[in-house]
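Here's my_file28.tsv, which has TSV, N, CA and C atoms and all ligand atoms:
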chain	number	residue	atom	x	y	z
A	1	MET	N	2.55	-16.47	-1.32
A	1	MET	CA	2.23	-15.54	-0.24
A	1	MET	C	1.28	-14.46	-0.76
A	2	LYS	N	0.49	-13.89	0.18
A	2	LYS	CA	-0.34	-12.75	-0.19
A	2	LYS	C	0.33	-11.49	0.35
A	3	ILE	N	0.38	-10.48	-0.48
A	3	ILE	CA	1.02	-9.23	-0.09
A	3	ILE	C	-0.01	-8.12	-0.23
A	4	LYS	N	-0.20	-7.36	0.86
A	4	LYS	CA	-1.15	-6.24	0.80
A	4	LYS	C	-0.40	-4.94	1.02
A	5	ILE	N	-0.66	-4.00	0.14
A	5	ILE	CA	-0.07	-2.67	0.30
A	5	ILE	C	-1.19	-1.73	0.76
A	6	ASP	N	-0.94	-0.99	1.82
A	6	ASP	CA	-1.90	0.02	2.27
A	6	ASP	C	-1.57	1.32	1.53
A	7	TYR	N	-2.41	1.62	0.51
A	7	TYR	CA	-2.11	2.78	-0.33
A	7	TYR	C	-2.42	4.10	0.37
A	8	SER	N	-3.09	4.04	1.51
A	8	SER	CA	-3.27	5.29	2.28
A	8	SER	C	-1.95	5.65	2.97
A	9	LEU	N	-1.10	4.66	3.18
A	9	LEU	CA	0.21	4.91	3.81
A	9	LEU	C	1.30	5.13	2.76
A	10	CYS	N	1.22	4.40	1.65
A	10	CYS	CA	2.18	4.59	0.55
A	10	CYS	C	1.45	5.28	-0.60
A	11	GLN	N	1.44	6.59	-0.58
A	11	GLN	CA	0.66	7.33	-1.59
A	11	GLN	C	1.45	7.60	-2.85
A	12	ASP	N	2.75	7.81	-2.73
A	12	ASP	CA	3.57	8.01	-3.92
A	12	ASP	C	4.91	7.33	-3.69
A	13	PRO	N	5.10	6.15	-4.29
A	13	PRO	CA	6.30	5.37	-4.02
A	13	PRO	C	7.55	5.89	-4.71
A	14	THR	N	7.39	6.85	-5.61
A	14	THR	CA	8.48	7.23	-6.51
A	14	THR	C	9.77	7.61	-5.78
A	15	ASN	N	9.65	8.32	-4.68
A	15	ASN	CA	10.85	8.74	-3.96
A	15	ASN	C	11.32	7.73	-2.91
A	16	CYS	N	10.70	6.57	-2.91
A	16	CYS	CA	11.08	5.54	-1.94
A	16	CYS	C	11.56	4.28	-2.68
A	17	LEU	N	10.64	3.46	-3.07
A	17	LEU	CA	10.94	2.22	-3.80
A	17	LEU	C	11.86	1.27	-3.03
A	18	ALA	N	11.90	1.42	-1.70
A	18	ALA	CA	12.77	0.56	-0.89
A	18	ALA	C	12.38	-0.91	-1.02
A	19	CYS	N	11.07	-1.16	-1.07
A	19	CYS	CA	10.61	-2.56	-1.17
A	19	CYS	C	11.06	-3.16	-2.50
A	20	LEU	N	10.91	-2.38	-3.54
A	20	LEU	CA	11.27	-2.86	-4.89
A	20	LEU	C	12.77	-3.17	-4.95
A	21	ARG	N	13.57	-2.32	-4.33
A	21	ARG	CA	15.03	-2.51	-4.39
A	21	ARG	C	15.49	-3.69	-3.54
A	22	VAL	N	14.84	-3.88	-2.39
A	22	VAL	CA	15.35	-4.91	-1.46
A	22	VAL	C	14.90	-6.32	-1.83
A	23	CYS	N	13.78	-6.43	-2.52
A	23	CYS	CA	13.23	-7.78	-2.78
A	23	CYS	C	14.17	-8.59	-3.67
A	24	PRO	N	14.63	-9.73	-3.17
A	24	PRO	CA	15.58	-10.53	-3.95
A	24	PRO	C	14.92	-11.21	-5.16
A	25	LEU	N	13.60	-11.27	-5.18
A	25	LEU	CA	12.92	-12.01	-6.24
A	25	LEU	C	12.21	-11.11	-7.24
A	26	GLY	N	12.28	-9.82	-7.06
A	26	GLY	CA	11.66	-8.91	-8.03
A	26	GLY	C	10.14	-8.99	-8.03
A	27	VAL	N	9.55	-9.10	-6.84
A	27	VAL	CA	8.10	-9.25	-6.73
A	27	VAL	C	7.35	-7.96	-7.09
A	28	PHE	N	7.99	-6.82	-6.80
A	28	PHE	CA	7.26	-5.54	-6.92
A	28	PHE	C	7.49	-4.86	-8.27
A	29	LEU	N	6.46	-4.08	-8.63
A	29	LEU	CA	6.52	-3.29	-9.85
A	29	LEU	C	6.01	-1.89	-9.52
A	30	ARG	N	6.64	-0.87	-10.07
A	30	ARG	CA	6.10	0.49	-9.96
A	30	ARG	C	5.24	0.71	-11.19
A	31	ALA	N	3.94	0.84	-10.97
A	31	ALA	CA	3.01	0.88	-12.09
A	31	ALA	C	2.32	2.24	-12.18
A	32	PRO	N	2.09	2.72	-13.40
A	32	PRO	CA	1.37	3.98	-13.55
A	32	PRO	C	-0.11	3.83	-13.18
A	33	VAL	N	-0.66	4.87	-12.58
A	33	VAL	CA	-2.10	4.91	-12.31
A	33	VAL	C	-2.74	5.68	-13.45
A	34	GLU	N	-3.62	5.00	-14.18
A	34	GLU	CA	-4.20	5.62	-15.38
A	34	GLU	C	-5.07	6.82	-15.06
A	35	ASN	N	-5.05	7.76	-15.97
A	35	ASN	CA	-5.91	8.94	-15.87
A	35	ASN	C	-6.85	8.93	-17.07
A	36	PRO	N	-8.06	8.40	-16.89
A	36	PRO	CA	-8.97	8.24	-18.03
A	36	PRO	C	-9.35	9.59	-18.64
A	37	GLY	N	-9.23	10.67	-17.87
A	37	GLY	CA	-9.62	11.98	-18.38
A	37	GLY	C	-8.56	12.64	-19.25
A	38	ASP	N	-7.39	12.00	-19.36
A	38	ASP	CA	-6.29	12.63	-20.10
A	38	ASP	C	-6.06	11.93	-21.43
A	39	PRO	N	-6.42	12.60	-22.53
A	39	PRO	CA	-6.23	11.97	-23.84
A	39	PRO	C	-4.76	11.68	-24.15
A	40	GLY	N	-3.84	12.42	-23.52
A	40	GLY	CA	-2.41	12.18	-23.73
A	40	GLY	C	-1.90	10.98	-22.95
A	41	LYS	N	-2.81	10.36	-22.17
A	41	LYS	CA	-2.48	9.14	-21.41
A	41	LYS	C	-1.34	9.35	-20.41
A	42	ARG	N	-1.21	10.57	-19.91
A	42	ARG	CA	-0.22	10.76	-18.85
A	42	ARG	C	-0.79	10.19	-17.55
A	43	PRO	N	0.02	9.44	-16.81
A	43	PRO	CA	-0.50	8.82	-15.60
A	43	PRO	C	-0.80	9.86	-14.52
A	44	MET	N	-1.76	9.54	-13.65
A	44	MET	CA	-2.09	10.40	-12.51
A	44	MET	C	-1.01	10.32	-11.45
A	45	GLY	N	-0.31	9.23	-11.44
A	45	GLY	CA	0.73	8.99	-10.44
A	45	GLY	C	1.20	7.57	-10.60
A	46	TYR	N	1.82	7.06	-9.55
A	46	TYR	CA	2.34	5.70	-9.60
A	46	TYR	C	1.99	4.97	-8.32
A	47	LYS	N	1.96	3.65	-8.42
A	47	LYS	CA	1.77	2.86	-7.20
A	47	LYS	C	2.60	1.60	-7.26
A	48	ILE	N	2.90	1.11	-6.09
A	48	ILE	CA	3.65	-0.14	-5.98
A	48	ILE	C	2.66	-1.31	-6.06
A	49	VAL	N	2.96	-2.25	-6.95
A	49	VAL	CA	2.08	-3.41	-7.11
A	49	VAL	C	2.90	-4.68	-6.85
A	50	PRO	N	2.42	-5.54	-5.95
A	50	PRO	CA	3.14	-6.81	-5.71
A	50	PRO	C	2.76	-7.83	-6.79
A	51	LEU	N	3.19	-7.55	-8.00
A	51	LEU	CA	2.70	-8.28	-9.18
A	51	LEU	C	3.00	-9.78	-9.12
A	52	TYR	N	4.19	-10.11	-8.64
A	52	TYR	CA	4.61	-11.52	-8.64
A	52	TYR	C	4.57	-12.10	-7.23
A	53	ASP	N	3.49	-11.83	-6.51
A	53	ASP	CA	3.40	-12.29	-5.12
A	53	ASP	C	3.43	-13.83	-5.01
A	54	LYS	N	3.10	-14.52	-6.08
A	54	LYS	CA	3.12	-16.00	-6.04
A	54	LYS	C	4.53	-16.55	-5.80
A	55	ILE	N	5.56	-15.78	-6.21
A	55	ILE	CA	6.92	-16.31	-6.01
A	55	ILE	C	7.57	-15.77	-4.73
A	56	CYS	N	6.84	-14.97	-3.97
A	56	CYS	CA	7.38	-14.43	-2.72
A	56	CYS	C	7.74	-15.56	-1.76
A	57	ASN	N	8.94	-15.48	-1.17
A	57	ASN	CA	9.38	-16.54	-0.25
A	57	ASN	C	9.14	-16.19	1.22
A	58	GLY	N	8.52	-15.04	1.46
A	58	GLY	CA	8.17	-14.67	2.83
A	58	GLY	C	9.34	-14.21	3.67
A	59	CYS	N	10.42	-13.76	3.04
A	59	CYS	CA	11.63	-13.39	3.79
A	59	CYS	C	11.40	-12.18	4.71
A	60	GLY	N	10.43	-11.34	4.37
A	60	GLY	CA	10.08	-10.21	5.24
A	60	GLY	C	10.94	-8.97	5.07
A	61	GLU	N	11.87	-9.00	4.14
A	61	GLU	CA	12.78	-7.86	3.96
A	61	GLU	C	12.03	-6.59	3.56
A	62	CYS	N	11.02	-6.73	2.70
A	62	CYS	CA	10.26	-5.54	2.26
A	62	CYS	C	9.50	-4.93	3.43
A	63	VAL	N	8.95	-5.76	4.29
A	63	VAL	CA	8.22	-5.26	5.47
A	63	VAL	C	9.17	-4.48	6.37
A	64	LYS	N	10.39	-5.02	6.54
A	64	LYS	CA	11.39	-4.39	7.41
A	64	LYS	C	11.82	-3.03	6.89
A	65	VAL	N	12.02	-2.88	5.58
A	65	VAL	CA	12.57	-1.63	5.06
A	65	VAL	C	11.50	-0.57	4.80
A	66	CYS	N	10.24	-0.94	4.75
A	66	CYS	CA	9.19	0.04	4.41
A	66	CYS	C	9.09	1.09	5.52
A	67	PRO	N	9.38	2.35	5.21
A	67	PRO	CA	9.37	3.39	6.23
A	67	PRO	C	7.96	3.76	6.70
A	68	LYS	N	6.96	3.33	5.95
A	68	LYS	CA	5.57	3.69	6.29
A	68	LYS	C	4.80	2.54	6.93
A	69	GLY	N	5.40	1.38	7.02
A	69	GLY	CA	4.65	0.22	7.54
A	69	GLY	C	3.48	-0.15	6.67
A	70	ALA	N	3.66	-0.01	5.37
A	70	ALA	CA	2.52	-0.15	4.44
A	70	ALA	C	2.37	-1.57	3.87
A	71	ILE	N	3.30	-2.47	4.19
A	71	ILE	CA	3.27	-3.80	3.56
A	71	ILE	C	2.91	-4.87	4.59
A	72	LYS	N	1.94	-5.70	4.22
A	72	LYS	CA	1.56	-6.83	5.08
A	72	LYS	C	1.65	-8.11	4.25
A	73	ILE	N	2.24	-9.13	4.85
A	73	ILE	CA	2.41	-10.41	4.15
A	73	ILE	C	1.69	-11.50	4.92
A	74	SER	N	0.98	-12.36	4.21
A	74	SER	CA	0.33	-13.50	4.87
A	74	SER	C	0.32	-14.69	3.92
A	75	LYS	N	0.06	-15.86	4.49
A	75	LYS	CA	0.04	-17.08	3.66
A	75	LYS	C	-1.29	-17.25	2.96
A	101	LIG	S1	8.83	-10.99	1.66
A	101	LIG	FE1	10.85	-11.06	0.63
A	101	LIG	S2	10.47	-12.18	-1.30
A	101	LIG	FE2	8.48	-11.52	-0.49
A	101	LIG	S3	8.05	-9.60	-1.51
A	101	LIG	FE3	9.03	-9.10	0.45
A	101	LIG	S4	11.23	-8.96	0.01
A	101	LIG	FE4	10.25	-9.98	-1.75
A	102	LIG	S1	8.87	0.60	0.90
A	102	LIG	FE1	6.81	1.13	1.62
A	102	LIG	S2	6.64	3.34	1.37
A	102	LIG	FE2	8.39	2.65	0.13
A	102	LIG	S3	7.53	2.31	-1.92
A	102	LIG	FE3	7.46	0.33	-0.84
A	102	LIG	S4	5.40	0.25	0.10
A	102	LIG	FE4	5.81	2.39	-0.49
Here is the file; what I need is its structure written in the form of structure tokens.
Ligand code: SF4
Ligand code: SF4
Amino acid sequence: MKIKIDYSLCQDPTNCLACLRVCPLGVFLRAPVENPGDPGKRPMGYKIVPLYDKICNGCGECVKVCPKGAIKISK
């Protein structure tokens, strides 16, 4: 399956992570957004990445729980 996250709707997943918690297959990852200007390598923030979208079974649970409507799934 293809999974698209609208990052204009999900700007900081840290206080949500509902998709990550509900997914039975562990498709999502909370990943740091790099800050090239910071020598200490502290991230600018975080984003949700559908890293393992190839194993998604299309159950739709993540779409249902997302409070922002930020997740779209297609074949
Ligand atoms: S549709 Fe189901 S399996 Fe696929 S990413 Fe969402 S919760 Fe996980
Ligand atoms: S459920 Fe939606 S708003 Fe919450 S972290 Fe996932 S994509 Fe972002």
- prompt: Mind listing the residues within 7 Å of ligand LIG 101 (chain A), only C-alpha atoms and all ligand atoms counted, as an NGL selection string?
  reply: :A and (19 or 22-28 or 53 or 56-63 or 73)
Chain A near ligand LIG 102 (chain A) within 12 Å: what's each residue's closest atom pair and its distance in Å to one decimal, counting only C-alpha atoms and all ligand atoms, ordered by chain then ascending residue number, as a Markdown table?
| residue | atom | partner | partner_atom | distance |
| --- | --- | --- | --- | --- |
| A:Ile3 | CA | A:LIG102 | S4 | 10.4 |
| A:Lys4 | CA | A:LIG102 | S4 | 9.2 |
| A:Ile5 | CA | A:LIG102 | S4 | 6.2 |
| A:Asp6 | CA | A:LIG102 | S4 | 7.6 |
| A:Tyr7 | CA | A:LIG102 | FE4 | 7.9 |
| A:Ser8 | CA | A:LIG102 | FE4 | 9.9 |
| A:Leu9 | CA | A:LIG102 | S2 | 7.1 |
| A:Cys10 | CA | A:LIG102 | FE4 | 4.4 |
| A:Gln11 | CA | A:LIG102 | FE4 | 7.2 |
| A:Asp12 | CA | A:LIG102 | FE4 | 7.0 |
| A:Pro13 | CA | A:LIG102 | S3 | 3.9 |
| A:Thr14 | CA | A:LIG102 | S3 | 6.8 |
| A:Asn15 | CA | A:LIG102 | S3 | 7.5 |
| A:Cys16 | CA | A:LIG102 | FE2 | 4.5 |
| A:Leu17 | CA | A:LIG102 | S3 | 3.9 |
| A:Ala18 | CA | A:LIG102 | S1 | 4.3 |
| A:Cys19 | CA | A:LIG102 | S1 | 4.2 |
| A:Leu20 | CA | A:LIG102 | FE3 | 6.4 |
| A:Arg21 | CA | A:LIG102 | S1 | 8.7 |
| A:Val22 | CA | A:LIG102 | S1 | 8.8 |
| A:Cys23 | CA | A:LIG102 | S1 | 10.1 |
| A:Val27 | CA | A:LIG102 | FE3 | 11.3 |
| A:Phe28 | CA | A:LIG102 | FE3 | 8.5 |
| A:Leu29 | CA | A:LIG102 | FE3 | 9.8 |
| A:Arg30 | CA | A:LIG102 | S3 | 8.4 |
| A:Ala31 | CA | A:LIG102 | S3 | 11.2 |
| A:Tyr46 | CA | A:LIG102 | S3 | 9.9 |
| A:Lys47 | CA | A:LIG102 | S3 | 7.8 |
| A:Ile48 | CA | A:LIG102 | S3 | 6.1 |
| A:Val49 | CA | A:LIG102 | S4 | 8.7 |
| A:Pro50 | CA | A:LIG102 | S4 | 9.4 |
| A:Gly60 | CA | A:LIG102 | S1 | 11.7 |
| A:Glu61 | CA | A:LIG102 | S1 | 9.8 |
| A:Cys62 | CA | A:LIG102 | S1 | 6.4 |
| A:Val63 | CA | A:LIG102 | S1 | 7.5 |
| A:Lys64 | CA | A:LIG102 | S1 | 8.6 |
| A:Val65 | CA | A:LIG102 | S1 | 6.0 |
| A:Cys66 | CA | A:LIG102 | S1 | 3.6 |
| A:Pro67 | CA | A:LIG102 | S2 | 5.6 |
| A:Lys68 | CA | A:LIG102 | S2 | 5.0 |
| A:Gly69 | CA | A:LIG102 | FE1 | 6.4 |
| A:Ala70 | CA | A:LIG102 | S4 | 5.2 |
| A:Ile71 | CA | A:LIG102 | S4 | 5.7 |
| A:Lys72 | CA | A:LIG102 | S4 | 9.5 |
| A:Ile73 | CA | A:LIG102 | S4 | 11.8 |
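The coordinates place atom CA of Asn35 of chain A at 25.0 Å from atom C of Tyr52 of chain A.
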- request: Apply DSSP to the structure's backbone, then extract all residues of segment 19-51 of chain A labelled helix (DSSP H, G or I) and return them as a list in words.
  value: Cys19, Leu20, Arg21 and Val22 of chain A
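Every protein or nucleic acid residue with an atom no more than 10 Å from Met44 of chain A, counting only C-alpha atoms and leaving out same-chain residues fewer than 6 positions away, appears here: A:Pro32, A:Val33, A:Glu34, A:Asn35, A:Pro36, A:Gly37, A:Asp38.
Straight-line separation from atom N of Arg42 of chain A to atom N of Lys54 of chain A: 29.0 Å.
Take atom C of Lys75 of chain A and atom C of Met1 of chain A: the distance between them is 5.3 Å.
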